[in-house]
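One structure is given here, and the rest of the page talks about it.
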Amino acid sequence: MRIRHRMFICGVVFLAAIWSFQTFSTGEASKGMTIEQAYPGLASGILKTARLETLEKGVVLKTDDLQIDEKALDELLKEIDPDMRPQYEKNLFFVMEQQAVEKVLLHEARKSGANNDGTAREIILSFLSEKAAGSTVSDKEARFFYEENKADLGGASFHEVKDGINQYLLERKRQVAILAYVDTLGERLNIRLDSKWVEKQNTLAGDNPVDKARYSGKPTMVEFGAAGCVPCDMMQPILENLKEKFKDRLNIVFVHVGENQILGVRYGINSIPVQVFFDREGKEFFRHVGFFPQGEVEKQLAAMGVS
């Protein structure tokens, strides 16, 4: 079942991005550190290497060419449905990060001499397409994918599914190329973030059932779904069985993506249901899309050491 999310930037940049949070009380000690050093997993892409500093009052982010302030973020929040606004207010770092990527990519696109016709989104997509233009898929790669996934292809021959496999692998390679390019931007741009603002946002962003479970010291399985989605509904009795069977050994969390859209976006949920498994340290171990029989779930749990 496909789902849509309100996004401030082209989803292709964040398609593979998955957020994870861990709360640290760093305060003044965080100054001069990168975001990733001070708050592991809070940022993705270009902001991982951003430096924490004390910026001018009201300024959240600065580069040598760009700036984002709190007033601009407040204006963006006003565009959000009032019922959804509290979720975004608690995840303002995520909103800011999308704004930062959009501004940086638009600036880079224009600096490169890209065609300025169209909306900001269209200019960025065209620019990123050029960065991934050299991606190709060999017959060997397609054949290897087929052999690895033959059991899930309904008995179809390689010839019957070759074009679909090529398209899937090509799109995946393009995504990897785009994400790699975005990461290099963060390394070469002089990005600074206000340390006190980031500290506050890190605390707010971690206040949700997924991150609390992840960092509880126990393995966690999160089901992202919604009521009325047939495979999601089929997963509910399985989740209840797992809660009973593993009790104190495993966290089971259900996230209704219609009611918690921001968590769905942060964790890269583009279709439902999705089961995401996290180890004792809170690191993602495995994820699966679609209905997942209890036996298969338990195989993944066993692989994580839960029995």
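In the structure tokens, each chain is lettered A, B, ... as it comes, each chain's residues begin at 1, and ligands are numbered from 1 in order of appearance.
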
- [ ] Using DSSP on the backbone coordinates, identify all residues within segment 177-244 of chain A classified as helix (DSSP H, G or I); present the result as an MDAnalysis selection string.
- [x] chainID A and resid 177:188 195:205 209:214 230:244

Task: Å distance separating atom CA of Gly268 of chain A from atom CA of Lys247 of chain A, one decimal place - done: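 Rounded to one decimal, the two atoms are 27.7 Å apart.
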
Task: Long-range neighbours of Tyr215 of chain A as a list in words, 8 Å cut-off, only C-alpha atoms, 4 positions minimum in chain - done: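 Here the answer would be Gln22, Asp211, Arg280, Glu281 and Gly282 of chain A.
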
- [ ] With a distance cut-off of 8 Å and only C-alpha atoms, select the neighbouring residues of Leu47 of chain A, excluding the residue or stretch itself and same-chain residues fewer than 6 positions from it, and output the selection as a list in words.
- [x]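 Here the qualifying residues turn out to be Ile35, Glu97, Gly186 and Ile191 of chain A.
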
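Comparing the minimum interatomic distances between Gln261 of chain A and each of A:Asp74, A:Glu171, A:Asp279, A:Asp83, counting only C-alpha atoms, we find that A:Asp83 sits nearest.
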
Task: Contacts of segment 293-297 of chain A at 9 Å (only C-alpha atoms; same-chain gap of 4+ positions) as a list in words - done: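 Near neighbours after the sequence-gap exclusion: Met235, Ile238, Leu239, Asn241, Leu242, Gln275, Leu301 and Ala302 of chain A.
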
Please produce an output containing N, CA and C atoms for each residue in the selection, written as a tab-separated table (two decimals), in the first residue's frame.
chain	number	residue	atom	x	y	z
A	235	MET	N	-1.01	-8.16	10.14
A	235	MET	CA	0.17	-8.18	11.02
A	235	MET	C	-0.20	-8.01	12.48
A	238	ILE	N	-0.10	-11.02	14.77
A	238	ILE	CA	1.30	-11.47	14.88
A	238	ILE	C	2.03	-10.62	15.91
A	239	LEU	N	1.81	-9.30	15.88
A	239	LEU	CA	2.45	-8.42	16.84
A	239	LEU	C	2.03	-8.77	18.26
A	241	ASN	N	1.01	-11.70	19.33
A	241	ASN	CA	1.66	-12.97	19.68
A	241	ASN	C	3.11	-12.77	20.08
A	242	LEU	N	3.81	-11.89	19.35
A	242	LEU	CA	5.21	-11.63	19.65
A	242	LEU	C	5.36	-10.94	21.00
A	275	GLN	N	8.35	-3.54	8.46
A	275	GLN	CA	8.87	-3.96	9.76
A	275	GLN	C	10.36	-3.61	9.83
A	301	LEU	N	14.60	-12.22	14.43
A	301	LEU	CA	14.84	-12.02	15.85
A	301	LEU	C	15.95	-12.93	16.34
A	302	ALA	N	15.93	-14.18	15.88
A	302	ALA	CA	16.98	-15.12	16.29
A	302	ALA	C	18.34	-14.65	15.80

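Backbone DSSP over segment 103-299 of chain A gives strand (DSSP E) for Arg192, Leu193, Asp194, Thr220, Met221, Val222, Glu223, Phe224, Gly225, Asn251, Ile252, Val253, Phe254, Val255, His256, Val274, Gln275, Val276, Phe277, Phe278, Glu284, Phe285, Phe286, Arg287, His288 and Val289 of chain A.
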
- [ ] For Pro273 of chain A, list every protein, DNA or RNA residue within 9 Å, evaluated using only C-alpha atoms, and leave out those in the same chain fewer than 3 positions away; present the list as a list in words.
- [x] Met1, Glu223, Phe224, Gly225, Ala226, Cys229, Pro231, Cys232, Met235, Ile269, His288, Val289, Gly290, Phe291 and Phe292 of chain A

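Reported to one decimal place, the separation of atom CA of Ile178 of chain A from atom CA of Leu128 of chain A is 6.3 Å.
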
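Distance check against Lys90 of chain A using only C-alpha atoms: of A:Ile272, A:Leu77, A:Pro219, A:Gly155, the minimum falls on A:Leu77.
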
Excluding Pro209 of chain A and residues on its chain fewer than 5 positions from it, collect all residues at most 12 Å away from it, counting only C-alpha atoms, and give them as a short mmCIF file (atom, residue, chain, number, x, y, z; two decimals) with N, CA, C and O atoms, in the first residue's frame.
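This is the output file selection-v4.cif:
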data_model
loop_
_atom_site.label_atom_id
_atom_site.label_comp_id
_atom_site.auth_asym_id
_atom_site.auth_seq_id
_atom_site.Cartn_x
_atom_site.Cartn_y
_atom_site.Cartn_z
N PHE A 21 18.12 8.67 16.50
CA PHE A 21 18.43 9.69 17.48
C PHE A 21 18.95 9.07 18.77
O PHE A 21 18.52 8.01 19.18
N ARG A 214 14.17 2.12 20.95
CA ARG A 214 15.47 1.78 20.38
C ARG A 214 16.60 1.91 21.39
O ARG A 214 17.53 1.11 21.40
N TYR A 215 16.53 2.95 22.20
CA TYR A 215 17.62 3.22 23.13
C TYR A 215 17.30 2.77 24.55
O TYR A 215 17.83 3.30 25.51
N SER A 216 16.43 1.76 24.66
CA SER A 216 16.09 1.21 25.98
C SER A 216 17.07 0.13 26.41
O SER A 216 17.02 -0.34 27.54
N THR A 220 14.47 -4.15 19.35
CA THR A 220 13.18 -3.54 19.06
C THR A 220 12.72 -3.92 17.66
O THR A 220 13.51 -3.95 16.72
N MET A 221 11.42 -4.20 17.54
CA MET A 221 10.79 -4.38 16.23
C MET A 221 9.70 -3.32 16.10
O MET A 221 8.83 -3.20 16.97
N VAL A 222 9.78 -2.52 15.04
CA VAL A 222 8.79 -1.48 14.80
C VAL A 222 7.99 -1.83 13.55
O VAL A 222 8.57 -2.12 12.50
N GLU A 223 6.69 -1.80 13.69
CA GLU A 223 5.79 -2.01 12.55
C GLU A 223 5.21 -0.66 12.15
O GLU A 223 4.53 0.00 12.93
N ASN A 251 11.15 -5.16 22.52
CA ASN A 251 10.18 -4.07 22.38
C ASN A 251 9.42 -4.26 21.07
O ASN A 251 10.03 -4.48 20.02
N ILE A 252 8.10 -4.17 21.13
CA ILE A 252 7.27 -4.19 19.93
C ILE A 252 6.55 -2.86 19.85
O ILE A 252 5.82 -2.50 20.78
N VAL A 253 6.76 -2.12 18.77
CA VAL A 253 6.16 -0.80 18.63
C VAL A 253 5.38 -0.74 17.32
O VAL A 253 5.89 -1.15 16.27
N PHE A 254 4.16 -0.25 17.39
CA PHE A 254 3.36 -0.04 16.18
C PHE A 254 3.22 1.46 15.95
O PHE A 254 2.84 2.20 16.85
N VAL A 255 3.54 1.90 14.72
CA VAL A 255 3.40 3.31 14.36
C VAL A 255 2.37 3.43 13.25
O VAL A 255 2.55 2.89 12.16
N HIS A 256 1.29 4.14 13.54
CA HIS A 256 0.25 4.42 12.53
C HIS A 256 0.75 5.62 11.73
O HIS A 256 0.78 6.74 12.24
N ASN A 260 1.10 9.51 12.66
CA ASN A 260 2.48 9.92 12.98
C ASN A 260 3.28 10.04 11.68
O ASN A 260 4.24 9.31 11.45
N LEU A 263 7.22 10.54 11.69
CA LEU A 263 8.04 9.36 11.94
C LEU A 263 8.18 8.52 10.68
O LEU A 263 9.24 7.97 10.40
#

Open item on the list: One decimal, in Å: what's the spacing between atom CA of Gly164 of chain A and atom CA of Val176 of chain A?
Closed with: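 Computing it gives 18.6 Å between the two atoms.
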
TODO: Point out the residue among A:Gly206, A:Gly154, A:Gly134, A:Gly45 with the least atom-to-atom distance to Leu92 of chain A, counting only C-alpha atoms.
DONE: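 Smallest separation from Leu92 of chain A among the options: A:Gly206.
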